[in-house]
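Please read the structure below before turning to the comments.
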Amino acid sequence: VHVLRCENNGADKNGFKDLSRIKVSGFHSSWLSGLLAGNFKAGGGVFGGGSIFVKLLRRFFLPDHSFLMRKHMESSLNKLSSTYNPSCIVSISYPFVSHLAAKNVVKLNATPVWVADNRDMWSGNPYRGFGFFPAFLERKIEEKCFSRADIVSFASEETRKIYARRYGLDNTLSILNGFESGVSNNCDYGSNAKSETLRFVHTGSLYNGRRLIEPLLEAVEKISSRLNVQCEILLYGNGCDHLVDAEMCYKKNKLVDLRLMGLVSRDQAYEAQRSADFLVVSMGREAFDKTYVPAKIFEYARERKPVISICDSDSELASITRGHNLGVATYAPEAIADYVVNSVKGFGTPSVDVEVLSADFQFGKLVSEIEGRLGIAKGP
């Protein structure tokens with residue numbers, strides 16, 4: 001396995017846990033690519049990463065603001081392909097330009113198998129905001145790429161179905177994100193709630209209200225009253241500015257404590273998850289939210305603690321939450337309150353087997369599909 005990554009894209013480079021038998025190469029993109037990617041957040045003025053000028057500039061590039069990385073990515077990938085003659089190339093989006101670079105390199109080097117993996121949706125994703133170009137141009141680019149790929153994989157089954165129908169694809173596969181095996185030592189499913197306080201932890205962005213936390217706030221009022229306990233709600237991540245006033249109001253409430261914890265490191269987020277009595281993941285009410293499965297649900301499954309999924313009951317997130325006995329999936333505050341009260345009293349906490357939600361299991365399906373395409377016989 002050989003991994004190609006951008007060295008100056010501002011992403012966390014500590015994600016590689018085990019580098020045995022894995023080679024890692026890097027390429028450097030231009031300073032303008034970094035600026036458009038928002039890597040210069042500390043910079044001020046017109047060219048600061050968060051300036052209105054830069055945000056507007058990002059909207060005028062097709063397929064996305066990372067398009068300037070393409071030539072660097074393609075050049076580095078072509079050198080690796082010429083040197084190692086790989087059996088398979090896996091391009092991972094987002095950014096979508098990774099697919100464009102891979103498409104050209106696969107064609108040039110006649111690589112046997114190309115997997116276009118989509119950890120995130122591109123066209124039609126409301127979290128991206130709207131670009132200058134109409135959606136049909138983005139979809140033309142998608143269709144051209146996906147029709148040439150041997151395998152097109154997606155991070156949820158509903159997303160796979162949407163793309164298969166949209167482009168008439170028969171080469172699609174759903175591969176959930178999964179959790180890292182061997183991280184948590186918590187093997188007992190159920191609430192470890194103390195009698196005097198309950199801690200609810202949400203890690204991840206609320207996208208300035210696009211994802212809803214209000215059902216939990218309403219439910220906690222009922223929970224504290226019914227159990228006569230203090231409830232702590234700790235929100236880790238950005239996009240919570242719309243809750244600043246609510247945080248101030250709750251400071252006057254003796255039974256409910258809402259705290260906006262801000263951005264933290266991944267290790268700190270894991271530590272916060274381990275300290276929780278209940279873990280919370282939230283979605284919005286758009287059609288897109290029914291198809292999207294946040295990676296947080298897999299981190300929570302690894303911790304084997306009760307999960308409150310604030311989502312539509314017919315969403316894929318709800319199916320995973322209920323299907324694996326992780327917790328409750330609803331927008332209804334009363335249903336959330338009932339679940340928490342029953343959990344604290346020792347009801348509704350069945351043992352769960354979450355191994356199928358591990359990254360090893362999920363991406364093992366992709367490996368098996370690739371081996372099948374290459375005609376590699378499976379072992380006993």
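How things are named: the first chain in the structure tokens is A, the next is B, and so on; residues count from 1 in each chain; ligands count from 1 in the order shown.
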Could you give me the residues within region 83-186 of chain A that DSSP places in strand (DSSP E or B), as a VMD selection string? chain A and resid 88 to 93 113 to 118 151 to 154 172 to 174 179
Region 264-274 of chain A: which residues within 8 Å, counting only C-alpha atoms, same-chain residues fewer than 6 positions away excluded, as an mmCIF file with C-alpha atoms, in the first residue's frame?
```cif
data_model
loop_
_atom_site.group_PDB
_atom_site.id
_atom_site.type_symbol
_atom_site.label_atom_id
_atom_site.label_comp_id
_atom_site.auth_asym_id
_atom_site.auth_seq_id
_atom_site.Cartn_x
_atom_site.Cartn_y
_atom_site.Cartn_z
ATOM 1 C CA VAL A 201 -21.630 15.062 25.196
ATOM 2 C CA THR A 203 -18.682 16.260 19.502
ATOM 3 C CA TYR A 236 -17.491 20.271 21.492
ATOM 4 C CA GLY A 237 -16.784 21.741 18.065
ATOM 5 C CA TYR A 300 -19.760 6.511 19.678
ATOM 6 C CA GLU A 303 -17.339 3.614 23.195
#
```
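Distance annotation: of A:Val115, A:Arg139, A:Glu221, A:Ser81, the residue with the minimal separation from Leu173 (chain A) is A:Val115; atom set is only C-alpha atoms.
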Write out as a list of chain:residue names which residues come within 8 Å of Ser156 (chain A) when counting only C-alpha atoms, dropping same-chain ones fewer than 2 positions away. A:Phe154, A:Glu158, A:Thr159, A:Arg160, A:Ser174, A:Ile175, A:Leu176, A:Thr291, A:Tyr292, A:Val293, A:Glu316
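The list of residues with at least one atom within 6 Å of Ser358 (chain A), based on only C-alpha atoms and without residues fewer than 2 positions apart in the same chain, reads Gly178, Phe179, Glu355, Val356, Asp360 and Phe361 of chain A.
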Would you mind exporting the chosen residues as a compact mmCIF listing (two decimals), in the first residue's frame, restricted to C-alpha atoms?
```txt
# COMPACT_ATOMS: atom_id res chain seq x y z
CA GLY A 178 -16.47 2.63 10.74
CA PHE A 179 -14.43 3.11 13.90
CA GLU A 355 -17.81 -5.25 15.17
CA VAL A 356 -19.60 -4.85 11.82
CA ASP A 360 -11.63 -3.11 9.54
CA PHE A 361 -14.90 -4.85 8.72
```
